[in-house]
Amino acid sequence: MPFTDHHAVFVGSTDDGHTFVVVNQPIRSAHRILTASGFTPREHQGRTLYLLPPDTSREDAHNRTGEALHQLLAHTMDFVDLSWTTRYHSTGPAPKAVVHFDLSDDRVTATAHTPAAQEVLEQHGFTPAPAGHILPSHLGERESVGVVARAETHLWSLGLASETRLGLPTPEAIAAVPGRTRPTRPAPPPAPTHQRHTR
């Protein structure tokens with residue numbers, strides 16, 4: 001199961017700057033809430049993605065996403081936000097990231113640029129490695145995502161900014177709904193020979 005599918009609501013960013021929301025469980029009013037907050041729905045490989053375009057300012061993305069999540073809290077608390085496009089401080093743009101998380105490979109890695117940031121990572125279970133810090137391999141995807149989310153929140157509480165890369169170049173790289181490999185399409189009508197075309 002892809003890491004985007006472990007929570008009822010997953011918020012992330014693609015490398016090209018889209019903010020996206022994946023809703024993994026039936027949530028009444030989720031479509032209305034997200035579209036009213038400015039997200040555009042797009043059908044993709046058996047699921048609906050909700051997108052803000054790359055030219056959305058960080059302040060706007062922060063406000064729109066925050067507004068949507070605030071309303072979704074009435075329906076679920078099982079959500080995670082690992083987007084970097086929504087990081088904005090009320091006094092202005094977010095400070096430069098001192099920790100970079102990377103979820104694009106089999107192991108979750110983090111690069112810290114200050115001793116204080118390194119200390120936070122180690123408090124959350126990251127261990128030093130030649131290329132930075134890594135999470136133990138025995139952690140599952142859901143638990144790893146939770147660790148990153150908690151570490152980001154801890155860093156932010158200390159005034160230390162972070163950025164998480166998911167290894168998704170564009171929204172098209174987001175995985176299909178589990179069990180599907182292609183977008184849902186209606187079956188074509190029967191052929192005259194009484195054989196159905198395969199998809």
# chains A, B, ... in the order shown; residues from 1 in each chain; ligands from 1

$ select_by_dssp --residues "chain A" --states "helix (DSSP H, G or I)" --output "PyMOL selection string"
chain A and resi 3-5+30-36+58-72+115-123+141-157+171-173

$ write_last_selection --atoms "C-alpha atoms" --output "PDB file, in the first residue's frame"
ATOM      1  CA  PHE A   3       2.216   5.799   1.971  1.00  0.00           C
ATOM      2  CA  THR A   4      -0.529   8.137   0.705  1.00  0.00           C
ATOM      3  CA  ASP A   5      -3.167   5.514   1.583  1.00  0.00           C
ATOM      4  CA  ALA A  30     -15.335  16.046   1.873  1.00  0.00           C
ATOM      5  CA  HIS A  31     -15.878  16.882  -1.806  1.00  0.00           C
ATOM      6  CA  ARG A  32     -17.876  19.997  -0.948  1.00  0.00           C
ATOM      7  CA  ILE A  33     -15.389  21.121   1.703  1.00  0.00           C
ATOM      8  CA  LEU A  34     -12.350  20.723  -0.535  1.00  0.00           C
ATOM      9  CA  THR A  35     -13.855  22.294  -3.639  1.00  0.00           C
ATOM     10  CA  ALA A  36     -15.248  25.202  -1.587  1.00  0.00           C
ATOM     11  CA  ARG A  58       2.283  29.533  -0.097  1.00  0.00           C
ATOM     12  CA  GLU A  59       0.085  31.857   1.930  1.00  0.00           C
ATOM     13  CA  ASP A  60      -2.956  30.978  -0.163  1.00  0.00           C
ATOM     14  CA  ALA A  61      -2.159  27.248  -0.124  1.00  0.00           C
ATOM     15  CA  HIS A  62      -1.653  27.429   3.656  1.00  0.00           C
ATOM     16  CA  ASN A  63      -4.978  29.177   4.199  1.00  0.00           C
ATOM     17  CA  ARG A  64      -6.998  27.001   1.813  1.00  0.00           C
ATOM     18  CA  THR A  65      -5.573  23.751   3.171  1.00  0.00           C
ATOM     19  CA  GLY A  66      -5.970  24.863   6.769  1.00  0.00           C
ATOM     20  CA  GLU A  67      -9.570  25.866   6.165  1.00  0.00           C
ATOM     21  CA  ALA A  68     -10.375  22.504   4.568  1.00  0.00           C
ATOM     22  CA  LEU A  69      -8.648  20.466   7.291  1.00  0.00           C
ATOM     23  CA  HIS A  70     -10.390  22.467  10.003  1.00  0.00           C
ATOM     24  CA  GLN A  71     -13.767  21.505   8.524  1.00  0.00           C
ATOM     25  CA  LEU A  72     -12.720  17.890   7.903  1.00  0.00           C
ATOM     26  CA  PRO A 115      22.765  20.528  15.814  1.00  0.00           C
ATOM     27  CA  ALA A 116      19.347  21.429  17.287  1.00  0.00           C
ATOM     28  CA  ALA A 117      17.602  19.838  14.313  1.00  0.00           C
ATOM     29  CA  GLN A 118      19.741  16.713  14.627  1.00  0.00           C
ATOM     30  CA  GLU A 119      18.749  16.436  18.277  1.00  0.00           C
ATOM     31  CA  VAL A 120      15.051  16.608  17.394  1.00  0.00           C
ATOM     32  CA  LEU A 121      15.446  13.890  14.763  1.00  0.00           C
ATOM     33  CA  GLU A 122      17.145  11.576  17.226  1.00  0.00           C
ATOM     34  CA  GLN A 123      14.408  12.205  19.815  1.00  0.00           C
ATOM     35  CA  GLU A 141       4.821   2.945   6.249  1.00  0.00           C
ATOM     36  CA  ARG A 142       2.027   4.341   8.416  1.00  0.00           C
ATOM     37  CA  GLU A 143       4.273   4.536  11.467  1.00  0.00           C
ATOM     38  CA  SER A 144       7.077   6.145   9.439  1.00  0.00           C
ATOM     39  CA  VAL A 145       4.717   8.798   8.085  1.00  0.00           C
ATOM     40  CA  GLY A 146       3.534   9.470  11.636  1.00  0.00           C
ATOM     41  CA  VAL A 147       7.113   9.887  12.869  1.00  0.00           C
ATOM     42  CA  VAL A 148       7.871  12.405  10.128  1.00  0.00           C
ATOM     43  CA  ALA A 149       4.687  14.354  10.889  1.00  0.00           C
ATOM     44  CA  ARG A 150       5.497  14.471  14.614  1.00  0.00           C
ATOM     45  CA  ALA A 151       9.110  15.478  13.968  1.00  0.00           C
ATOM     46  CA  GLU A 152       7.947  18.275  11.633  1.00  0.00           C
ATOM     47  CA  THR A 153       5.569  19.576  14.307  1.00  0.00           C
ATOM     48  CA  HIS A 154       8.302  19.416  16.966  1.00  0.00           C
ATOM     49  CA  LEU A 155      10.739  21.286  14.726  1.00  0.00           C
ATOM     50  CA  TRP A 156       8.125  23.941  13.921  1.00  0.00           C
ATOM     51  CA  SER A 157       7.416  24.453  17.635  1.00  0.00           C
ATOM     52  CA  PRO A 171       0.192  14.366  -9.581  1.00  0.00           C
ATOM     53  CA  GLU A 172       0.258  11.638 -12.253  1.00  0.00           C
ATOM     54  CA  ALA A 173       2.876   9.810 -10.141  1.00  0.00           C
TER      55      ALA A 173
END

$ select_by_dssp --residues "range 45-105 of chain A" --states "strand (DSSP E or B)" --output "CSV table (one decimal) with all heavy atoms, in the first residue's frame"
chain,number,residue,atom,x,y,z
A,47,ARG,N,-9.2,7.0,-8.3
A,47,ARG,CA,-9.4,7.9,-7.2
A,47,ARG,C,-9.6,9.3,-7.6
A,47,ARG,O,-9.3,9.7,-8.7
A,47,ARG,CB,-8.3,7.8,-6.2
A,47,ARG,CG,-7.0,8.4,-6.7
A,47,ARG,CD,-6.0,8.7,-5.5
A,47,ARG,NE,-5.1,7.6,-5.3
A,47,ARG,CZ,-5.1,6.9,-4.1
A,47,ARG,NH1,-5.9,7.2,-3.1
A,47,ARG,NH2,-4.3,5.9,-3.9
A,48,THR,N,-10.1,10.1,-6.7
A,48,THR,CA,-10.2,11.6,-6.9
A,48,THR,C,-9.1,12.3,-6.2
A,48,THR,O,-9.0,12.1,-4.9
A,48,THR,CB,-11.6,12.1,-6.5
A,48,THR,OG1,-12.6,11.4,-7.2
A,48,THR,CG2,-11.7,13.6,-6.8
A,49,LEU,N,-8.3,13.0,-6.9
A,49,LEU,CA,-7.3,13.9,-6.3
A,49,LEU,C,-7.9,15.3,-6.2
A,49,LEU,O,-8.6,15.7,-7.1
A,49,LEU,CB,-6.0,13.9,-7.1
A,49,LEU,CG,-5.3,12.6,-7.4
A,49,LEU,CD1,-4.1,12.9,-8.2
A,49,LEU,CD2,-4.9,11.9,-6.1
A,50,TYR,N,-7.5,16.0,-5.1
A,50,TYR,CA,-7.9,17.4,-5.0
A,50,TYR,C,-6.6,18.2,-5.0
A,50,TYR,O,-5.7,18.0,-4.2
A,50,TYR,CB,-8.7,17.6,-3.7
A,50,TYR,CG,-10.0,16.9,-3.7
A,50,TYR,CD1,-10.1,15.6,-3.2
A,50,TYR,CD2,-11.2,17.5,-4.2
A,50,TYR,CE1,-11.3,14.9,-3.2
A,50,TYR,CE2,-12.4,16.8,-4.2
A,50,TYR,CZ,-12.4,15.5,-3.7
A,50,TYR,OH,-13.6,14.8,-3.8
A,51,LEU,N,-6.6,19.2,-6.0
A,51,LEU,CA,-5.3,19.8,-6.3
A,51,LEU,C,-5.4,21.3,-6.2
A,51,LEU,O,-6.4,21.9,-6.6
A,51,LEU,CB,-4.9,19.5,-7.7
A,51,LEU,CG,-4.7,18.0,-8.1
A,51,LEU,CD1,-4.5,17.8,-9.6
A,51,LEU,CD2,-3.5,17.4,-7.3
A,52,LEU,N,-4.3,21.9,-5.7
A,52,LEU,CA,-4.1,23.4,-5.9
A,52,LEU,C,-2.9,23.5,-6.9
A,52,LEU,O,-1.9,22.7,-6.7
A,52,LEU,CB,-3.7,24.0,-4.6
A,52,LEU,CG,-4.8,24.1,-3.5
A,52,LEU,CD1,-4.2,24.7,-2.2
A,52,LEU,CD2,-6.0,24.9,-4.0
A,79,PHE,N,-5.7,12.2,9.9
A,79,PHE,CA,-5.1,12.9,8.7
A,79,PHE,C,-3.7,13.2,9.0
A,79,PHE,O,-3.2,13.3,10.1
A,79,PHE,CB,-5.9,14.1,8.3
A,79,PHE,CG,-5.8,15.3,9.3
A,79,PHE,CD1,-4.8,16.2,9.1
A,79,PHE,CD2,-6.7,15.5,10.3
A,79,PHE,CE1,-4.6,17.3,10.0
A,79,PHE,CE2,-6.6,16.5,11.2
A,79,PHE,CZ,-5.6,17.4,11.0
A,80,VAL,N,-2.9,13.4,7.9
A,80,VAL,CA,-1.5,13.8,8.0
A,80,VAL,C,-1.3,14.8,6.9
A,80,VAL,O,-1.8,14.7,5.8
A,80,VAL,CB,-0.6,12.6,7.9
A,80,VAL,CG1,-0.7,11.9,6.6
A,80,VAL,CG2,0.8,13.0,8.3
A,81,ASP,N,-0.5,15.8,7.2
A,81,ASP,CA,-0.1,16.9,6.3
A,81,ASP,C,1.4,16.9,6.2
A,81,ASP,O,2.1,17.3,7.1
A,81,ASP,CB,-0.7,18.2,6.8
A,81,ASP,CG,-0.3,19.3,5.8
A,81,ASP,OD1,0.3,19.1,4.8
A,81,ASP,OD2,-0.6,20.5,6.1
A,88,TYR,N,3.8,28.2,5.7
A,88,TYR,CA,3.8,29.7,5.7
A,88,TYR,C,3.6,30.1,7.2
A,88,TYR,O,2.9,29.6,7.9
A,88,TYR,CB,2.6,30.2,4.9
A,88,TYR,CG,2.5,31.7,4.8
A,88,TYR,CD1,3.3,32.4,3.9
A,88,TYR,CD2,1.6,32.4,5.6
A,88,TYR,CE1,3.2,33.8,3.8
A,88,TYR,CE2,1.6,33.8,5.5
A,88,TYR,CZ,2.3,34.5,4.6
A,88,TYR,OH,2.3,35.9,4.5
A,89,HIS,N,4.3,31.2,7.6
A,89,HIS,CA,4.2,31.7,8.9
A,89,HIS,C,3.4,33.0,8.9
A,89,HIS,O,3.4,33.8,7.9
A,89,HIS,CB,5.6,32.0,9.4
A,89,HIS,CG,5.7,32.2,10.9
A,89,HIS,ND1,5.4,33.4,11.5
A,89,HIS,CD2,5.9,31.4,11.9
A,89,HIS,CE1,5.5,33.3,12.8
A,89,HIS,NE2,5.8,32.1,13.1
A,92,GLY,N,5.0,36.1,7.8
A,92,GLY,CA,5.6,36.2,6.5
A,92,GLY,C,6.0,34.8,6.0
A,92,GLY,O,5.6,33.8,6.6
A,93,PRO,N,6.7,34.7,4.9
A,93,PRO,CA,7.1,33.4,4.4
A,93,PRO,C,7.9,32.5,5.4
A,93,PRO,O,8.5,33.1,6.3
A,93,PRO,CB,8.1,33.7,3.2
A,93,PRO,CG,7.6,35.1,2.8
A,93,PRO,CD,7.2,35.8,4.1
A,99,VAL,N,15.8,21.1,8.0
A,99,VAL,CA,15.7,19.6,7.9
A,99,VAL,C,15.0,19.3,6.6
A,99,VAL,O,13.9,19.9,6.3
A,99,VAL,CB,14.9,19.0,9.1
A,99,VAL,CG1,14.8,17.5,8.9
A,99,VAL,CG2,15.7,19.3,10.4
A,100,HIS,N,15.5,18.3,5.8
A,100,HIS,CA,14.8,17.8,4.6
A,100,HIS,C,14.6,16.4,4.8
A,100,HIS,O,15.5,15.6,5.0
A,100,HIS,CB,15.7,18.1,3.4
A,100,HIS,CG,15.8,19.5,3.0
A,100,HIS,ND1,16.8,20.3,3.6
A,100,HIS,CD2,15.1,20.3,2.2
A,100,HIS,CE1,16.6,21.6,3.1
A,100,HIS,NE2,15.6,21.5,2.2
A,101,PHE,N,13.3,16.0,4.8
A,101,PHE,CA,12.9,14.6,4.9
A,101,PHE,C,12.7,14.1,3.5
A,101,PHE,O,12.2,14.8,2.6
A,101,PHE,CB,11.5,14.5,5.6
A,101,PHE,CG,11.6,14.9,7.1
A,101,PHE,CD1,11.2,16.1,7.5
A,101,PHE,CD2,12.1,14.0,8.1
A,101,PHE,CE1,11.3,16.5,8.8
A,101,PHE,CE2,12.1,14.3,9.4
A,101,PHE,CZ,11.7,15.6,9.8
A,102,ASP,N,13.0,12.8,3.3
A,102,ASP,CA,12.8,12.2,1.9
A,102,ASP,C,12.1,10.8,2.1
A,102,ASP,O,12.7,9.9,2.7
A,102,ASP,CB,14.2,12.0,1.3
A,102,ASP,CG,14.1,11.6,-0.2
A,102,ASP,OD1,13.0,11.1,-0.6
A,102,ASP,OD2,15.1,11.8,-0.9

$ closest_residue --among "A:Leu139, A:Leu166, A:Ala110, A:Met77" --to "Thr19 in chain A" --atoms "only C-alpha atoms"
A:Leu166

$ atom_distance --atom1 "CA of Thr127 in chain A" --atom2 "CA of Thr109 in chain A"
9.4 Å

$ closest_residue --among "A:Thr40, A:Asn24, A:Thr14, A:Ser29" --to "His75 in chain A" --atoms "only C-alpha atoms"
A:Ser29

$ closest_residue --among "A:Ala112, A:Pro169, A:Asp15, A:Ala175" --to "Gln45 in chain A" --atoms "only C-alpha atoms"
A:Ala175
